[in-house]
Structures are given as structure tokens and as C-alpha cells.
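So this one's upload_11.cif, mmCIF, C-alpha atoms and all ligand atoms:
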data_query
#
loop_
_atom_site.label_atom_id
_atom_site.label_comp_id
_atom_site.auth_asym_id
_atom_site.auth_seq_id
_atom_site.Cartn_x
_atom_site.Cartn_y
_atom_site.Cartn_z
CA MET A 10 112.61 97.22 106.24
CA ASP A 11 110.07 96.49 103.51
CA THR A 12 107.43 99.22 103.64
CA LEU A 13 104.52 100.62 101.69
CA HIS A 14 102.98 103.98 102.54
CA ARG A 15 99.90 105.42 100.90
CA PHE A 16 98.97 109.06 101.27
CA LEU A 17 96.60 111.82 100.20
CA PHE A 18 97.39 115.50 99.86
CA ASP A 19 95.10 117.74 101.93
CA ARG A 20 94.97 120.61 99.47
CA ALA A 21 95.28 118.88 96.11
CA PRO A 22 93.27 116.08 94.48
CA VAL A 23 96.33 113.85 94.32
CA ARG A 24 97.13 110.56 95.97
CA GLY A 25 100.44 108.83 96.30
CA ALA A 26 102.27 105.73 97.39
CA LEU A 27 105.85 105.14 98.42
CA VAL A 28 107.33 101.66 98.47
CA ARG A 29 110.64 100.31 99.67
CA LEU A 30 111.64 96.69 99.05
CA ASP A 31 114.48 95.81 101.33
CA ALA A 32 115.08 92.36 102.85
CA SER A 33 112.58 90.89 100.38
CA TRP A 34 114.58 92.27 97.47
CA ARG A 35 117.88 90.91 98.77
CA ASP A 36 116.15 87.56 99.37
CA LEU A 37 114.96 87.48 95.77
CA LEU A 38 118.44 88.29 94.39
CA ALA A 39 120.11 85.73 96.66
CA ARG A 40 117.73 82.99 95.55
CA ARG A 41 118.41 83.80 91.94
CA ALA A 42 122.14 83.66 92.49
CA SER A 43 121.78 80.16 93.96
CA VAL A 44 119.50 78.66 91.32
CA SER A 45 120.93 75.21 90.78
CA ASP A 46 120.48 74.67 87.04
CA GLY A 47 123.68 76.45 86.18
CA GLY A 48 121.80 79.70 86.59
CA HIS A 49 123.75 82.65 87.82
CA ALA A 50 123.00 86.06 89.19
CA PHE A 51 121.41 88.53 86.80
CA ALA A 52 123.77 91.15 85.32
CA PRO A 53 123.78 94.44 87.29
CA PRO A 54 121.70 96.50 84.79
CA LEU A 55 119.06 93.75 84.72
CA ARG A 56 119.02 93.59 88.53
CA ALA A 57 118.34 97.33 88.57
CA LEU A 58 115.58 97.00 85.97
CA LEU A 59 113.91 94.10 87.80
CA GLY A 60 114.10 96.05 91.06
CA GLU A 61 112.36 99.01 89.46
CA MET A 62 109.75 96.66 88.01
CA ALA A 63 109.15 95.10 91.42
CA ALA A 64 108.73 98.50 93.08
CA ALA A 65 106.42 99.62 90.26
CA GLY A 66 104.39 96.41 90.48
CA VAL A 67 103.74 96.91 94.19
CA LEU A 68 102.85 100.60 93.63
CA MET A 69 100.42 99.76 90.82
CA GLN A 70 98.85 96.99 92.90
CA ALA A 71 98.45 99.47 95.80
CA ASN A 72 96.96 102.06 93.47
CA LEU A 73 94.46 99.78 91.74
CA LYS A 74 93.00 98.02 94.79
CA PHE A 75 92.35 95.08 92.52
CA ASN A 76 91.59 91.60 93.85
CA GLY A 77 93.97 89.53 91.80
CA ALA A 78 97.49 89.26 90.47
CA LEU A 79 99.09 92.15 88.62
CA VAL A 80 101.71 90.91 86.18
CA LEU A 81 104.13 93.43 84.74
CA GLN A 82 106.11 92.09 81.80
CA LEU A 83 108.74 93.50 79.50
CA GLN A 84 108.92 91.44 76.32
CA GLY A 85 112.27 92.31 74.86
CA ASP A 86 114.09 92.03 71.54
CA GLY A 87 117.54 92.55 73.09
CA PRO A 88 119.48 90.17 75.36
CA VAL A 89 116.61 90.22 77.86
CA LYS A 90 113.76 88.32 76.21
CA LEU A 91 111.42 88.59 79.15
CA ALA A 92 111.42 90.33 82.51
CA VAL A 93 108.42 89.68 84.71
CA VAL A 94 107.15 90.75 88.10
CA GLU A 95 103.97 89.43 89.67
CA THR A 96 102.36 91.16 92.64
CA GLN A 97 99.42 89.98 94.72
CA PRO A 98 96.79 92.03 96.57
CA ASP A 99 98.67 91.38 99.85
CA PHE A 100 101.79 92.92 98.24
CA SER A 101 103.70 89.68 98.08
CA TYR A 102 105.69 89.57 94.87
CA ARG A 103 108.11 87.54 92.79
CA ALA A 104 110.20 88.31 89.73
CA THR A 105 112.38 86.64 87.14
CA ALA A 106 113.88 87.18 83.69
CA LYS A 107 114.99 85.20 80.65
CA VAL A 108 118.29 86.29 79.19
CA VAL A 109 119.92 85.13 75.97
CA GLY A 110 123.42 86.42 75.39
CA ALA A 111 125.56 88.95 77.19
CA VAL A 112 124.31 92.07 78.96
CA ALA A 113 126.70 95.04 78.85
CA ASP A 114 127.49 96.62 82.20
CA ASP A 115 126.17 99.99 81.10
CA ALA A 116 123.05 98.69 79.31
CA GLY A 117 120.02 100.93 79.74
CA LEU A 118 116.37 100.07 79.14
CA ALA A 119 116.68 100.23 75.34
CA ALA A 120 119.85 98.08 75.21
CA LEU A 121 118.27 95.50 77.52
CA VAL A 122 114.80 95.06 76.04
CA ASN A 123 114.33 97.35 73.04
CA LEU A 124 117.40 96.88 70.86
CA HIS A 125 115.47 96.85 67.58
CA GLY A 126 112.48 98.92 68.67
CA ARG A 127 110.17 95.94 69.02
CA GLY A 128 110.16 95.60 72.81
CA ARG A 129 106.88 96.08 74.60
CA CYS A 130 105.43 96.29 78.05
CA ALA A 131 102.35 94.28 79.00
CA ILE A 132 100.35 94.69 82.19
CA THR A 133 97.95 91.88 83.00
CA LEU A 134 95.29 91.97 85.70
CA ASP A 135 94.23 88.46 86.55
CA PRO A 136 91.16 88.50 88.85
CA ARG A 137 91.32 86.03 91.71
CA ASP A 138 87.65 85.14 91.23
CA ARG A 139 87.89 84.78 87.45
CA LEU A 140 85.03 82.77 85.99
CA PRO A 141 85.76 79.80 83.73
CA GLY A 142 86.46 81.11 80.23
CA GLN A 143 86.90 84.69 81.42
CA GLN A 144 90.13 86.23 80.13
CA PRO A 145 92.49 88.33 82.27
CA TYR A 146 92.59 92.04 81.37
CA GLN A 147 95.69 93.04 79.49
CA GLY A 148 97.06 96.39 78.35
CA VAL A 149 100.15 96.69 76.15
CA VAL A 150 102.29 99.74 75.49
CA PRO A 151 105.38 100.09 73.30
CA LEU A 152 108.76 101.12 74.68
CA HIS A 153 108.87 104.26 72.58
CA GLY A 154 107.28 107.67 72.90
CA ASP A 155 104.80 109.48 70.64
CA ARG A 156 107.55 110.41 68.16
CA ARG A 157 108.88 106.83 68.19
CA GLU A 158 111.86 107.84 70.31
CA PRO A 159 112.99 104.88 72.45
CA LEU A 160 112.17 105.49 76.09
CA GLN A 161 115.12 105.34 78.46
CA ARG A 162 113.26 104.80 81.70
CA LEU A 163 110.77 102.23 82.88
CA SER A 164 108.91 105.00 84.74
CA GLU A 165 108.15 106.75 81.42
CA VAL A 166 106.81 103.53 79.91
CA LEU A 167 104.50 102.96 82.87
CA GLU A 168 103.33 106.59 82.98
CA HIS A 169 102.34 106.14 79.36
CA TYR A 170 100.44 102.97 80.24
CA MET A 171 98.63 104.63 83.16
CA LEU A 172 97.65 107.55 80.93
CA GLN A 173 96.22 105.14 78.36
CA SER A 174 94.44 102.86 80.76
CA GLU A 175 93.18 105.26 83.41
CA GLN A 176 93.20 108.64 81.66
CA VAL A 177 94.69 110.41 84.61
CA ASP A 178 98.09 111.98 85.13
CA THR A 179 100.56 109.75 86.91
CA ARG A 180 104.15 110.38 87.92
CA LEU A 181 106.51 107.58 88.88
CA VAL A 182 110.02 107.77 90.26
CA LEU A 183 111.83 104.42 90.52
CA ALA A 184 115.27 103.32 91.64
CA ALA A 185 116.98 100.06 92.58
CA ASN A 186 120.36 98.71 93.54
CA ASP A 187 121.46 95.41 95.08
CA GLU A 188 120.29 96.45 98.54
CA ARG A 189 116.93 98.03 97.84
CA ALA A 190 114.28 98.77 95.27
CA ALA A 191 112.05 101.79 95.81
CA GLY A 192 109.42 103.86 94.08
CA LEU A 193 107.18 106.88 94.46
CA LEU A 194 103.87 107.16 92.65
CA LEU A 195 101.71 110.28 92.40
CA GLN A 196 98.35 110.18 90.69
CA ARG A 197 95.73 112.84 90.18
CA LEU A 198 92.41 111.67 91.56
CA PRO A 199 89.95 111.27 88.73
CA SER A 200 87.03 113.69 88.86
CA VAL A 201 83.71 112.21 89.89
CA GLY A 202 82.29 109.84 87.30
CA GLY A 203 85.53 109.33 85.43
CA GLY A 204 88.61 107.17 85.57
CA HIS A 205 89.13 104.01 87.49
CA VAL A 206 86.49 102.48 89.70
CA ALA A 207 87.87 100.31 92.47
CA GLY A 208 87.10 96.65 91.98
CA ARG A 209 86.14 97.17 88.34
CA PRO A 210 89.32 96.54 86.41
CA ASP A 211 87.49 96.82 83.11
CA ALA A 212 86.80 100.46 83.99
CA ALA A 213 90.54 101.02 83.94
CA PHE A 214 90.48 100.50 80.19
CA ALA A 215 87.42 102.61 79.43
CA ARG A 216 87.70 106.10 78.04
CA SER A 217 86.46 108.93 80.21
CA ALA A 218 85.73 112.62 79.93
CA ASP A 219 88.50 113.21 82.44
CA GLU A 220 91.19 113.10 79.79
CA ASP A 221 90.49 116.75 78.93
CA GLN A 222 92.43 117.68 82.03
CA ILE A 223 95.53 115.62 81.32
CA GLY A 224 98.69 117.62 81.80
CA ARG A 225 96.72 120.75 82.71
CA HIS A 226 96.10 120.26 86.35
CA GLU A 227 98.14 122.86 88.26
CA ASP A 228 98.09 121.06 91.60
CA PHE A 229 99.25 117.83 90.05
CA ASN A 230 101.92 119.51 87.94
CA ARG A 231 103.34 121.29 90.99
CA LEU A 232 103.60 118.06 92.97
CA ALA A 233 104.96 116.13 89.97
CA LEU A 234 107.73 118.72 89.58
CA LEU A 235 108.67 118.23 93.22
CA ALA A 236 108.68 114.45 92.73
CA ALA A 237 111.00 114.85 89.75
CA THR A 238 113.63 116.45 92.00
CA LEU A 239 113.93 113.24 94.01
CA SER A 240 117.33 111.61 93.48
CA ALA A 241 117.87 107.85 93.40
CA ASP A 242 120.03 108.14 96.54
CA GLU A 243 117.24 109.91 98.41
CA LEU A 244 114.60 107.48 97.23
CA LEU A 245 116.73 104.48 98.23
CA GLY A 246 118.26 105.94 101.35
CA LEU A 247 115.76 108.11 103.23
CA ASP A 248 113.25 106.85 105.71
CA ALA A 249 109.76 107.09 104.14
CA GLU A 250 108.34 109.70 106.49
CA VAL A 251 111.49 111.83 106.33
CA LEU A 252 111.44 111.63 102.54
CA LEU A 253 107.81 112.72 102.28
CA ARG A 254 108.32 115.56 104.74
CA ARG A 255 111.39 116.88 102.94
CA LEU A 256 110.01 116.54 99.45
CA PHE A 257 106.54 117.94 100.15
CA TRP A 258 107.30 120.20 103.13
CA GLN A 259 104.84 122.87 101.95
CA GLU A 260 102.17 120.37 100.93
CA PRO A 261 100.28 118.89 103.87
CA LEU A 262 99.57 115.21 103.36
CA ARG A 263 97.93 112.43 105.31
CA LEU A 264 99.26 108.88 105.52
CA LEU A 265 96.44 106.45 104.88
CA GLY A 266 95.45 103.58 107.13
CA ASP A 267 97.81 101.17 108.78
CA ALA A 268 99.60 100.57 105.52
CA ASN A 269 102.40 98.85 107.38
CA ALA A 270 100.42 96.51 109.51
CA ALA A 271 102.03 93.12 109.03
CA PRO A 272 99.67 91.77 106.34
CA ALA A 273 100.26 94.74 104.04
CA ARG A 274 104.02 94.58 104.08
CA PRO A 275 105.59 93.84 100.70
CA ARG A 276 107.46 90.55 100.76
CA PHE A 277 108.89 87.93 98.48
CA VAL A 278 106.60 84.92 98.11
CA CYS A 279 106.77 82.34 95.35
CA ARG A 280 103.53 80.62 94.44
CA CYS A 281 105.06 77.56 92.85
CA THR A 282 103.90 74.19 94.24
CA ARG A 283 104.63 70.56 93.48
CA GLU A 284 101.00 70.21 92.32
CA ARG A 285 101.42 72.94 89.70
CA VAL A 286 104.65 71.42 88.42
CA ALA A 287 102.89 68.04 88.27
CA GLY A 288 100.14 69.64 86.18
CA MET A 289 102.72 71.08 83.81
CA LEU A 290 104.44 67.71 83.43
CA ARG A 291 101.09 66.02 82.86
CA SER A 292 100.38 68.46 80.03
CA LEU A 293 103.59 67.36 78.29
CA GLY A 294 102.21 63.83 78.01
CA GLN A 295 103.27 60.46 79.37
CA GLN A 296 105.53 59.55 76.46
CA GLU A 297 107.62 62.70 76.85
CA ILE A 298 108.01 62.26 80.61
CA ASP A 299 108.76 58.53 80.39
CA GLY A 300 111.42 59.31 77.77
CA LEU A 301 112.98 61.93 80.02
CA ILE A 302 113.09 59.60 83.00
CA ALA A 303 114.53 56.72 80.91
CA GLU A 304 117.29 59.09 79.84
CA ARG A 305 118.10 60.85 83.12
CA GLY A 306 116.59 58.73 85.86
CA GLU A 307 114.24 61.51 86.92
CA ALA A 308 112.45 64.60 85.67
CA GLU A 309 113.78 67.73 87.35
CA VAL A 310 111.97 71.06 87.16
CA GLY A 311 113.45 74.21 88.67
CA CYS A 312 111.32 77.25 89.48
CA ASP A 313 112.67 80.34 87.71
CA PHE A 314 111.22 82.60 90.38
CA CYS A 315 112.55 81.10 93.61
CA GLY A 316 115.03 78.40 92.65
CA ALA A 317 113.02 75.56 94.19
CA VAL A 318 113.71 72.23 92.47
CA TYR A 319 110.99 69.59 92.00
CA ARG A 320 112.07 66.04 91.18
CA PHE A 321 109.86 63.29 89.80
CA ASP A 322 111.22 59.77 89.65
CA ARG A 323 109.69 56.75 87.90
CA VAL A 324 107.16 56.11 90.67
CA ASP A 325 106.13 59.80 90.85
CA ALA A 326 105.75 59.88 87.08
CA ALA A 327 103.54 56.79 87.06
CA ALA A 328 101.32 58.51 89.64
CA LEU A 329 101.05 61.59 87.40
CA PHE A 330 99.34 59.60 84.70
CA SER A 331 97.19 57.31 86.78
CA ALA A 332 93.70 58.43 87.69
CA GLY A 333 93.81 57.06 91.22
CA PRO A 334 96.29 57.28 94.07
CA PRO A 335 99.97 56.55 93.33
CA PRO A 336 100.49 52.87 92.49
CA PRO A 337 102.47 50.78 94.99
CA ALA A 338 106.15 50.34 94.25
CA GLU A 339 106.94 47.41 92.02
CA PRO A 340 107.30 44.09 93.81
CA ARG A 341 110.95 43.13 94.07
CA GLN A 342 112.37 39.82 93.12
CA MET A 343 113.24 37.89 96.24
CA HIS A 344 116.31 35.70 96.11
ZN ZN Z 401 109.01 79.09 92.99
#
For this file, write the structure as C-alpha cells.
Ligand SMILES: [Zn+2]
Amino acid sequence: MDTLHRFLFDRAPVRGALVRLDASWRDLLARRASVSDGGHAFAPPLRALLGEMAAAGVLMQANLKFNGALVLQLQGDGPVKLAVVETQPDFSYRATAKVVGAVADDAGLAALVNLHGRGRCAITLDPRDRLPGQQPYQGVVPLHGDRREPLQRLSEVLEHYMLQSEQVDTRLVLAANDERAAGLLLQRLPSVGGGHVAGRPDAAFARSADEDQIGRHEDFNRLALLAATLSADELLGLDAEVLLRRLFWQEPLRLLGDANAAPARPRFVCRCTRERVAGMLRSLGQQEIDGLIAERGEAEVGCDFCGAVYRFDRVDAAALFSAGPPPPAEPRQMH
């Protein structure tokens, strides 16, 4: 079952979230495998990476309480040029990737997206109520550590990002296979007056006095060490409440709210629509579209996220470029 649990420790200023993507994750992989444009299933290491990204995207969305889309992107210089996960405030999500060339079966993060050290990770917060002209907030971190060593885990990259953007300690444990994607996030609560302010995404990028405490907080370090003992099998296999009880059996914690009431359940939802595709075609210009239709009989656009295919024939195309309603079909010659 797809679940998201949020919790607070009673005796430590630390909050957490635990996500498991289950049927939604299998749905996403199955759709990808059936994409009609000659597309095929992603290679296993890329499936694992995308699963970790999806789990991380939901965790970050849950942690930020931000009213808008959170887009997590890896821009790669290896065979994977782009891997992207988008999560919404209701924890619906979608994911896709662009691959050029072969992916080795044992490829890790660096071999997938950081072959020449130029890969990067971008996190974009796009407010739902964005004013015209207002830009989304974006933070970018490299895929290497402070001594330029390539990072081997997505969790390390994202911890680095959270440290930069929120100035509080964060620990992430992520795992994914073809059945499930799961993640655990622990974050020290910022002291009063510092760190992230809910609903103010710009605050997430402001510096704060709280950074003095980074890495020095005993309570957080103790819990983070416990989190680090979690194996991928446990994270993917154990029921959420059992996992939390076993991992933190000496650390009383409280589950928050009805995190698993139906509306808050993570699920796969694609936001593509025929109208958006029409807008994209319109932006290409009439000449381009007419040329395409003359050549192939129709313009066909497949959605990389969900595999939906949108077809525009000559009549549809004419409607795209007319200001009014679609023109009537051409009168036919009567014999
Ligand atoms: Zn779609």
C-alpha cells in the first residue's frame, strides 16, 4: 500500500517522515514499459534511481508544506541526461528520464548521471499561486562532496541540498526496487527564529543563525545513527509502524495527524492534458505543424511521464491556429 507517515520525537527536537510507494510505483513502471513510441522499460539501475528520487520527492514535499509543485531533477553528463520527479502538495507524483546510450547493469549514481563530474541536482519549488512574471524558486547542488569526491548516493546529494537551503541537519535513507520505493527522512527542528518558515519558500534559501549547530546536535546525531543502520530490505519490506518501533524502540515518537487519510496518500498522477499539448504544438508554429501533418498524416505527441498519446489530424491542426471554434470539415465533392 502507498503510505506516508509523519512523526515527531517526544524527547528530541527532530521530526521525520516515512514514505512507501507501492502500487503507484509499479503503475509508473508499467506505463513506462508500454510507452508506444518505441520506448522501453528503463534499465534496472535507472529504475532504482528514479524510485529513490520519487520517494525523496514525496518526503521533501511532506517536509516543506509548500503549496506548489516540487520538481527534483538530476541533469546528467552520463547516459542519463535527465531524470525528473514532480510531486504535488497532495503527494501525487510522476517521473521520467531521458537516456542516450546504454546503461550498465551495475551503474551507480556517478556512472548514470555524473560520468565526467558535471552532473548536478536541481530542486525547483513552483508555487501554485505564482504571480505573472514571478519565477519559481530553484536551488542547485553538484553531485560531488566538499573535496570534489563524486557522491555515490542520491541521499547524500539531497542532504547536502537541505543543509544549504534550510541550514538544518537532515538525514535521508532511500531504497527502491521494481516493487517498491521507500524513504525515511529525519530533520532537526530549526530553533525559534531560524530555518524554514512554512508557506514561505524563499525563507528556505535564507541564511540563519541556526547553522552554528549543524552536526553538533546530540539528539539529532543519535537518531541519525540509528537511521543509518536501516537496511534497504527493512526499509522496503517492513510495515511502517513496525519499522519505526524497531528502529527507534528507545525513542518515543508520535505519528502526526491522519497522514494516511485518502487525500494524503501518495499516488501516481500525470498532469498532461490535450490542451497543454495543443499549446505546445501552437508554440511550434503553423508551418511546422502543417509540414508534419503533410508528411505523416497527423501530429502525434506522446507523454514521457504516463505514455498517453495525443493525435492531431488536419482538422485538429486547423483549429489550433484559428482564433474561434474549430472550423467545420471541408465540404466534400458530391458525385
Ligand atoms: Zn502524461
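Environment of ligand ZN 401 (chain Z), defined as every protein or nucleic acid residue with an atom within 7 Å of it and counting all atoms listed in the file, comprises A:Cys279, A:Arg280, A:Cys281, A:Cys312, A:Asp313, A:Phe314, A:Cys315, A:Gly316, A:Ala317.
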Quick check, in Å to one decimal: how far apart do atom CA of A:Val122 and atom CA of A:Val177 lie?
26.7 Å
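When only C-alpha atoms are used to measure the gap to A:Val108, the shortest distance among A:Gly85, A:Gly246, A:Pro261, A:Gly126 belongs to A:Gly85.
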Surrounding residues of A:Thr105 excluding itself and chain neighbours under 4 positions, 12 Å, only C-alpha atoms, as a tab-separated table (two decimals) with C-alpha atoms, in the coordinates of the input:
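Produced file part.tsv, reproduced below:
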chain	number	residue	atom	x	y	z
A	34	TRP	CA	114.58	92.27	97.47
A	37	LEU	CA	114.96	87.48	95.77
A	38	LEU	CA	118.44	88.29	94.39
A	40	ARG	CA	117.73	82.99	95.55
A	41	ARG	CA	118.41	83.80	91.94
A	42	ALA	CA	122.14	83.66	92.49
A	44	VAL	CA	119.50	78.66	91.32
A	48	GLY	CA	121.80	79.70	86.59
A	50	ALA	CA	123.00	86.06	89.19
A	51	PHE	CA	121.41	88.53	86.80
A	55	LEU	CA	119.06	93.75	84.72
A	56	ARG	CA	119.02	93.59	88.53
A	58	LEU	CA	115.58	97.00	85.97
A	59	LEU	CA	113.91	94.10	87.80
A	60	GLY	CA	114.10	96.05	91.06
A	62	MET	CA	109.75	96.66	88.01
A	63	ALA	CA	109.15	95.10	91.42
A	80	VAL	CA	101.71	90.91	86.18
A	81	LEU	CA	104.13	93.43	84.74
A	82	GLN	CA	106.11	92.09	81.80
A	83	LEU	CA	108.74	93.50	79.50
A	89	VAL	CA	116.61	90.22	77.86
A	90	LYS	CA	113.76	88.32	76.21
A	91	LEU	CA	111.42	88.59	79.15
A	92	ALA	CA	111.42	90.33	82.51
A	93	VAL	CA	108.42	89.68	84.71
A	94	VAL	CA	107.15	90.75	88.10
A	95	GLU	CA	103.97	89.43	89.67
A	277	PHE	CA	108.89	87.93	98.48
A	279	CYS	CA	106.77	82.34	95.35
A	312	CYS	CA	111.32	77.25	89.48
A	313	ASP	CA	112.67	80.34	87.71
A	314	PHE	CA	111.22	82.60	90.38
A	315	CYS	CA	112.55	81.10	93.61
A	316	GLY	CA	115.03	78.40	92.65
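Residues with at least one atom no more than 10 Å from (114.1, 100.1, 79.5), using all atoms listed in the file, are Pro54, Leu55, Leu58, Leu83, Gly85, Ala116, Gly117, Leu118, Ala119, Ala120, Leu121, Val122, Asn123, Leu124, Gly128, Arg129, Cys130, Leu152, His153, Pro159, Leu160, Gln161, Arg162, Leu163, Ser164, Glu165 and Val166 of chain A.
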Residue contacts of A:Leu183 (6 Å, all atoms listed in the file) excluding same-chain residues fewer than 6 positions away, as a count of residues only
3
From atom CA of A:Gly25 to atom CA of A:Leu247 the spacing works out at 16.8 Å
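The residue that comes closest to A:Arg29, out of A:Gly311, A:Gly66, A:Gly300, A:Gly154 and on the basis of all atoms listed in the file, is A:Gly66.
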